[in-house]
$ cat structure.txt   # compact mmCIF, C-alpha atoms
# COMPACT_ATOMS: atom_id res chain seq x y z
CA GLU A 1 -9.25 -11.38 13.03
CA PRO A 2 -6.09 -12.68 11.30
CA GLU A 3 -3.44 -10.09 10.43
CA VAL A 4 -0.20 -9.91 8.51
CA THR A 5 2.73 -9.56 10.89
CA GLN A 6 6.22 -8.26 10.21
CA THR A 7 9.48 -8.44 12.13
CA PRO A 8 11.43 -6.52 13.14
CA SER A 9 9.53 -3.27 13.46
CA HIS A 10 12.78 -1.33 13.02
CA GLN A 11 16.07 -2.52 11.57
CA VAL A 12 19.24 -0.48 11.58
CA THR A 13 22.15 -1.67 9.47
CA GLN A 14 25.43 -0.49 8.02
CA MET A 15 25.75 0.19 4.31
CA GLY A 16 26.88 -2.93 2.48
CA GLN A 17 25.37 -5.33 4.99
CA GLU A 18 22.72 -7.90 4.17
CA VAL A 19 19.30 -7.62 5.77
CA ILE A 20 16.36 -9.98 5.88
CA LEU A 21 12.91 -8.63 6.54
CA ARG A 22 10.36 -11.13 7.71
CA CYS A 23 6.65 -11.39 7.19
CA VAL A 24 4.00 -13.85 8.23
CA PRO A 25 1.07 -13.54 5.80
CA ILE A 26 -2.49 -14.50 6.65
CA SER A 27 -2.55 -18.27 6.71
CA ASN A 28 -4.93 -19.13 3.88
CA HIS A 29 -3.65 -16.46 1.51
CA LEU A 30 -1.91 -17.44 -1.71
CA TYR A 31 -0.48 -14.16 -3.02
CA PHE A 32 2.29 -12.29 -1.26
CA TYR A 33 3.75 -8.85 -1.90
CA TRP A 34 6.42 -6.44 -0.81
CA TYR A 35 6.09 -2.67 -1.08
CA ARG A 36 8.29 0.10 0.16
CA GLN A 37 7.74 3.72 1.11
CA ILE A 38 10.65 6.10 1.26
CA LEU A 39 10.00 8.87 3.79
CA GLY A 40 7.73 11.50 2.31
CA GLN A 41 7.10 9.54 -0.86
CA LYS A 42 4.42 7.18 -2.08
CA VAL A 43 4.04 3.47 -1.48
CA GLU A 44 5.84 1.62 -4.29
CA PHE A 45 5.32 -1.93 -5.46
CA LEU A 46 8.40 -4.14 -5.32
CA VAL A 47 7.39 -7.71 -6.03
CA SER A 48 4.56 -10.22 -5.96
CA PHE A 49 4.92 -13.92 -5.28
CA TYR A 50 2.57 -16.75 -6.09
CA ASN A 51 2.91 -20.49 -6.28
CA ASN A 52 6.48 -20.34 -4.98
CA GLU A 53 7.77 -17.98 -7.60
CA ILE A 54 7.95 -14.31 -8.42
CA SER A 55 4.99 -13.40 -10.58
CA GLU A 56 5.65 -9.72 -11.06
CA LYS A 57 8.38 -7.27 -10.05
CA SER A 58 9.13 -3.60 -10.49
CA GLU A 59 12.28 -1.95 -11.80
CA ILE A 60 13.22 -1.23 -8.20
CA PHE A 61 13.52 -4.96 -7.51
CA ASP A 62 16.98 -5.50 -8.94
CA ASP A 63 19.56 -8.23 -8.31
CA GLN A 64 20.19 -6.93 -4.81
CA PHE A 65 16.72 -8.03 -3.77
CA SER A 66 15.35 -11.52 -3.37
CA VAL A 67 12.26 -13.07 -1.83
CA GLU A 68 11.68 -16.46 -0.37
CA ARG A 69 9.00 -18.50 1.29
CA PRO A 70 11.25 -20.77 3.31
CA ASP A 71 8.45 -22.63 5.03
CA GLY A 72 4.68 -22.69 5.07
CA SER A 73 4.28 -19.49 7.02
CA ASN A 74 7.10 -17.00 6.47
CA PHE A 75 7.75 -14.73 3.51
CA THR A 76 11.07 -12.91 3.49
CA LEU A 77 12.67 -10.04 1.62
CA LYS A 78 16.45 -10.05 1.47
CA ILE A 79 18.59 -7.11 0.47
CA ARG A 80 22.07 -8.42 -0.27
CA SER A 81 24.19 -5.29 0.09
CA THR A 82 22.24 -2.38 1.47
CA LYS A 83 22.65 1.14 0.18
CA LEU A 84 21.72 4.40 1.85
CA GLU A 85 18.82 4.81 -0.55
CA ASP A 86 17.31 1.51 0.65
CA SER A 87 16.26 3.29 3.83
CA ALA A 88 12.48 3.12 3.81
CA MET A 89 9.43 1.55 5.34
CA TYR A 90 8.90 -1.92 3.89
CA PHE A 91 5.38 -3.32 3.85
CA CYS A 92 4.42 -6.92 3.33
CA ALA A 93 0.93 -7.74 2.07
CA SER A 94 -1.03 -10.85 1.27
CA SER A 95 -4.26 -11.68 -0.48
CA ALA A 96 -6.45 -14.71 -0.97
CA SER A 97 -6.99 -13.84 -4.61
CA LEU A 98 -6.43 -10.91 -6.93
CA GLY A 99 -8.10 -7.96 -5.27
CA GLU A 100 -7.94 -6.75 -1.70
CA GLN A 101 -4.48 -6.93 -0.22
CA PHE A 102 -3.98 -6.99 3.54
CA PHE A 103 -0.97 -5.08 4.76
CA GLY A 104 1.39 -5.67 7.62
CA PRO A 105 2.47 -2.87 9.97
CA GLY A 106 5.77 -2.38 8.15
CA THR A 107 9.46 -2.61 8.98
CA ARG A 108 11.41 0.61 9.10
CA LEU A 109 14.85 0.00 7.58
CA THR A 110 17.56 2.54 8.34
CA VAL A 111 20.84 2.19 6.47
CA LEU A 112 23.75 4.12 7.96
CA ALA B 1 1.67 2.26 -17.76
CA GLN B 2 -0.59 2.74 -14.80
CA ARG B 3 -0.51 5.93 -12.81
CA VAL B 4 -2.49 7.42 -9.94
CA THR B 5 -2.52 11.13 -9.18
CA GLN B 6 -3.63 12.70 -5.94
CA PRO B 7 -3.17 16.43 -6.39
CA GLU B 8 -3.54 17.45 -2.75
CA LYS B 9 -0.90 16.59 -0.16
CA LEU B 10 -2.96 18.07 2.65
CA LEU B 11 -6.63 18.78 2.97
CA SER B 12 -7.92 20.58 6.06
CA VAL B 13 -11.63 20.79 6.74
CA PHE B 14 -13.74 21.66 9.74
CA LYS B 15 -15.72 19.01 11.54
CA GLY B 16 -19.12 18.65 9.90
CA ALA B 17 -17.94 20.04 6.56
CA PRO B 18 -18.04 17.96 3.37
CA VAL B 19 -14.89 16.20 2.26
CA GLU B 20 -13.70 15.38 -1.23
CA LEU B 21 -10.32 13.76 -1.78
CA LYS B 22 -9.38 13.83 -5.43
CA CYS B 23 -7.93 10.95 -7.40
CA ASN B 24 -7.26 10.66 -11.11
CA TYR B 25 -5.81 7.66 -12.82
CA SER B 26 -4.22 6.64 -16.05
CA TYR B 27 -4.65 3.12 -17.37
CA SER B 28 -5.41 1.77 -20.79
CA GLY B 29 -7.66 -1.11 -19.78
CA SER B 30 -10.35 -1.60 -17.15
CA PRO B 31 -8.76 -0.95 -13.77
CA GLU B 32 -9.90 -1.79 -10.32
CA LEU B 33 -9.74 1.24 -8.04
CA PHE B 34 -9.30 1.32 -4.29
CA TRP B 35 -9.03 3.75 -1.44
CA TYR B 36 -6.69 2.78 1.39
CA VAL B 37 -6.49 4.62 4.69
CA GLN B 38 -3.69 4.81 7.23
CA TYR B 39 -4.59 6.16 10.65
CA SER B 40 -1.82 7.44 12.88
CA ARG B 41 0.51 4.62 13.92
CA GLN B 42 -1.63 2.00 12.23
CA ARG B 43 -1.23 -0.12 9.12
CA LEU B 44 -2.61 0.55 5.68
CA GLN B 45 -6.11 -0.81 5.42
CA LEU B 46 -8.61 -0.98 2.64
CA LEU B 47 -11.36 1.60 2.95
CA LEU B 48 -13.35 0.77 -0.15
CA ARG B 49 -13.11 -0.55 -3.70
CA HIS B 50 -15.10 0.57 -6.67
CA ILE B 51 -16.53 -2.82 -7.59
CA SER B 52 -18.26 -3.24 -4.23
CA ARG B 53 -20.03 0.13 -4.51
CA GLU B 54 -20.59 0.27 -0.77
CA SER B 55 -20.23 3.07 1.73
CA ILE B 56 -17.71 2.58 4.51
CA LYS B 57 -17.63 4.94 7.52
CA GLY B 58 -19.78 7.32 5.50
CA PHE B 59 -17.30 7.48 2.62
CA THR B 60 -18.26 6.81 -0.97
CA ALA B 61 -16.34 6.90 -4.22
CA ASP B 62 -17.66 6.66 -7.74
CA LEU B 63 -15.57 5.58 -10.68
CA ASN B 64 -15.94 8.07 -13.53
CA LYS B 65 -14.38 6.46 -16.58
CA GLY B 66 -14.93 9.53 -18.73
CA GLU B 67 -12.94 11.74 -16.40
CA THR B 68 -10.71 8.86 -15.21
CA SER B 69 -11.43 9.85 -11.64
CA PHE B 70 -12.24 8.07 -8.41
CA HIS B 71 -12.80 10.86 -5.91
CA LEU B 72 -13.52 9.98 -2.28
CA LYS B 73 -16.37 11.84 -0.65
CA LYS B 74 -18.03 12.18 2.71
CA PRO B 75 -20.83 14.65 3.44
CA PHE B 76 -19.88 15.44 7.05
CA ALA B 77 -16.30 15.07 8.25
CA GLN B 78 -15.58 13.72 11.72
CA GLU B 79 -12.45 14.13 13.79
CA GLU B 80 -11.72 10.41 13.62
CA ASP B 81 -11.48 10.69 9.82
CA SER B 82 -8.11 12.42 10.17
CA ALA B 83 -5.63 10.12 8.44
CA MET B 84 -3.60 9.56 5.28
CA TYR B 85 -5.69 8.44 2.34
CA TYR B 86 -4.21 6.64 -0.64
CA CYS B 87 -5.94 6.06 -3.92
CA ALA B 88 -4.72 2.89 -5.64
CA LEU B 89 -5.18 1.07 -8.91
CA SER B 90 -4.85 -2.53 -9.96
CA GLY B 91 -4.80 -3.51 -13.60
CA GLY B 92 -6.12 -6.98 -12.88
CA TYR B 93 -2.70 -8.38 -12.11
CA GLN B 94 -1.09 -8.40 -8.74
CA LYS B 95 0.71 -5.08 -8.75
CA VAL B 96 -1.14 -2.24 -7.04
CA THR B 97 -0.07 1.28 -7.93
CA PHE B 98 -0.56 3.87 -5.21
CA GLY B 99 -0.98 7.61 -5.41
CA THR B 100 1.16 9.88 -3.29
CA GLY B 101 -1.52 10.16 -0.64
CA THR B 102 -3.53 13.00 0.85
CA LYS B 103 -3.41 13.84 4.51
CA LEU B 104 -6.88 14.70 5.73
CA GLN B 105 -6.95 16.91 8.78
CA VAL B 106 -10.34 17.47 10.40
CA ILE B 107 -10.34 20.55 12.59
CA PRO B 108 -12.61 20.34 15.65
$ encode --input "structure.txt" --output "structure tokens"
Amino acid sequence: EPEVTQTPSHQVTQMGQEVILRCVPISNHLYFYWYRQILGQKVEFLVSFYNNEISEKSEIFDDQFSVERPDGSNFTLKIRSTKLEDSAMYFCASSASLGEQFFGPGTRLTVL
Amino acid sequence: AQRVTQPEKLLSVFKGAPVELKCNYSYSGSPELFWYVQYSRQRLQLLLRHISRESIKGFTADLNKGETSFHLKKPFAQEEDSAMYYCALSGGYQKVTFGTGTKLQVIP
């Protein structure tokens, strides 16, 4: 059964550094998403992406964040200059249409 | 604004006892409601959605628009049901709003 995959599983970085989190959505899906979960808190929506552009984003998704689909398979989340409060679990998800979203296993980002 | 409230952080029940995980929502239109489950060391996965009205692993959930609730129920808890359960809402667009989650602990 096809699954969403994410790399790396754990990323450690220094404050102020750029990080790129990678996701490979399910191949025939058209909608792509990023969520994050700060330790002990709820899963929060960051951004959705459809037809090669951002279709919706939350207030968390400020100018420090960007998303890209550089080729036909990858979907990336870039954080330009990481802050301590960016430490969280980042989940990628994809869906074939509006409705059920399939989640990846997550990337744990630790900012020191 | 859309909001999902799960009042219990932890729910402990004995094996064989009934389970009810509470979820209330706030949304001005007609939302789609979901329950996601996350077993230990596994990814978030969809457990059920209100429009399908099916029972998965013995769990059911009924959307009550009057009470704006979507409680998750199972008549007899099993040890393998121990997990984090998240109620979630979609307003018909792409954003899904999650509740804070309830950890279900089934005591053998």
$ closest_atom_pairs --input "structure.txt" --of "chain B" --to "chain A" --cutoff "6 Å" --atoms "all atoms listed in the file" --output "JSON lines"
{"residue": "B:Arg43", "atom": "CA", "partner": "A:Pro105", "partner_atom": "CA", "distance": 4.7}
{"residue": "B:Leu44", "atom": "CA", "partner": "A:Phe103", "partner_atom": "CA", "distance": 5.9}
{"residue": "B:Phe98", "atom": "CA", "partner": "A:Val43", "partner_atom": "CA", "distance": 5.9}
{"residue": "B:Thr100", "atom": "CA", "partner": "A:Lys42", "partner_atom": "CA", "distance": 4.4}
$ atom_distance --input "structure.txt" --atom1 "CA of Gly16 (chain A)" --atom2 "CA of Lys83 (chain A)"
6.3 Å
$ closest_residue --input "structure.txt" --among "B:Val13, B:Val4, B:Val19, B:Leu89" --to "His50 (chain B)" --atoms "only C-alpha atoms"
B:Leu89
$ atom_distance --input "structure.txt" --atom1 "CA of Glu54 (chain B)" --atom2 "CA of Cys87 (chain B)"
16.1 Å
$ residues_around --input "structure.txt" --residues "Ala83 (chain B)" --least-positions-apart "3" --cutoff "6 Å" --atoms "all atoms listed in the file" --output "list in words"
Gln38, Tyr39, Lys103 and Leu104 of chain B
$ residues_around --input "structure.txt" --residues "Pro108 (chain B)" --least-positions-apart "4" --cutoff "7 Å" --atoms "all atoms listed in the file" --output "VMD selection string"
chain B and resid 14 to 15 79
$ residues_around --input "structure.txt" --residues "Phe65 (chain A)" --least-positions-apart "6" --cutoff "12 Å" --atoms "all atoms listed in the file" --output "list in words"
Glu18, Val19, Ile20, Leu21, Trp34, Leu46, Val47, Ile54, Lys57, Ser58, Glu59, Thr76, Leu77, Lys78, Ile79, Arg80, Ser81, Thr82, Lys83 and Asp86 of chain A
$ atom_distance --input "structure.txt" --atom1 "CA of Ser27 (chain A)" --atom2 "CA of Asn74 (chain A)"
9.7 Å
$ axis_aligned_box --input "structure.txt" --around "region 9-21 of chain B" --padding-each-side "8 Å" --output "JSON"
{"center_x": -10.0, "center_y": 17.7, "center_z": 4.9, "size_x": 34.2, "size_y": 23.9, "size_z": 29.3}
$ closest_residue --input "structure.txt" --among "B:Thr97, B:Gln6, B:Ser30, B:Thr68" --to "Met84 (chain B)" --atoms "all atoms listed in the file"
B:Gln6
